[in-house]
Amino acid sequence: MNVALQIRDVPEDVRDTLAEMARMRGQSLQAYLLQVIKAEARKSRNAAVLARFEDRDDGYAASFTSVRW
């Protein structure tokens with residue numbers, strides 16, 4: 001099920017900037033904003049998963065120095 005969202009009191013210059021960003025990507029403002037909102041929701045879910053393992057103490061520690069590129 002899809003829902004509608006409405007954002008009030010968006011300053012005109014902010015709307016213009018977002019509309020330009022959408023235009024540069026060949027998207028409507030609605031499509032661009034939906035993409036932004038979905039990306040933020042994914043980041044939030046990813047952060048929640050990482051937080052579950054934050055205090056993990058299984059004896060394993062990894063760092064960027066231990067990873068071979």
# chains A, B, ... in the order shown; residues from 1 in each chain; ligands from 1
>>> residues_around(residues="A:Ala19", least_positions_apart="5", cutoff="10 Å", atoms="only C-alpha atoms", output="NGL selection string")
:A and (13-14 or 24-25 or 27-30 or 32-33)
>>> write_last_selection(atoms="N, CA, C and O atoms", output="compact mmCIF listing (two decimals), in the first residue's frame")
# COMPACT_ATOMS: atom_id res chain seq x y z
N ASP A 13 13.33 28.78 -2.25
CA ASP A 13 14.68 28.51 -2.75
C ASP A 13 15.06 27.04 -2.57
O ASP A 13 15.77 26.46 -3.41
N VAL A 14 14.57 26.41 -1.51
CA VAL A 14 14.83 24.99 -1.29
C VAL A 14 14.11 24.17 -2.35
O VAL A 14 14.68 23.27 -2.95
N MET A 24 18.31 17.75 -13.35
CA MET A 24 19.64 17.30 -13.78
C MET A 24 19.72 15.78 -13.86
O MET A 24 20.54 15.24 -14.60
N ARG A 25 18.88 15.09 -13.11
CA ARG A 25 18.85 13.62 -13.14
C ARG A 25 17.78 13.09 -14.09
O ARG A 25 17.56 11.88 -14.16
N GLN A 27 14.56 13.51 -13.78
CA GLN A 27 13.44 13.01 -12.99
C GLN A 27 12.47 14.15 -12.68
O GLN A 27 12.85 15.32 -12.67
N SER A 28 11.25 13.75 -12.38
CA SER A 28 10.31 14.73 -11.84
C SER A 28 10.72 15.01 -10.39
O SER A 28 11.46 14.23 -9.78
N LEU A 29 10.23 16.11 -9.86
CA LEU A 29 10.52 16.43 -8.47
C LEU A 29 9.97 15.33 -7.56
O LEU A 29 10.64 14.90 -6.62
N GLN A 30 8.80 14.83 -7.86
CA GLN A 30 8.21 13.76 -7.05
C GLN A 30 9.07 12.50 -7.07
O GLN A 30 9.34 11.90 -6.03
N TYR A 32 12.27 12.26 -7.77
CA TYR A 32 13.54 12.53 -7.09
C TYR A 32 13.37 12.48 -5.57
O TYR A 32 14.16 11.85 -4.87
N LEU A 33 12.33 13.13 -5.06
CA LEU A 33 12.12 13.15 -3.61
C LEU A 33 11.80 11.77 -3.07
O LEU A 33 12.24 11.42 -1.97
>>> atom_distance(atom1="atom CA of A:Leu34", atom2="atom CA of A:Arg8")
16.2 Å
>>> atom_distance(atom1="atom CA of A:Met21", atom2="atom CA of A:Met1")
27.7 Å
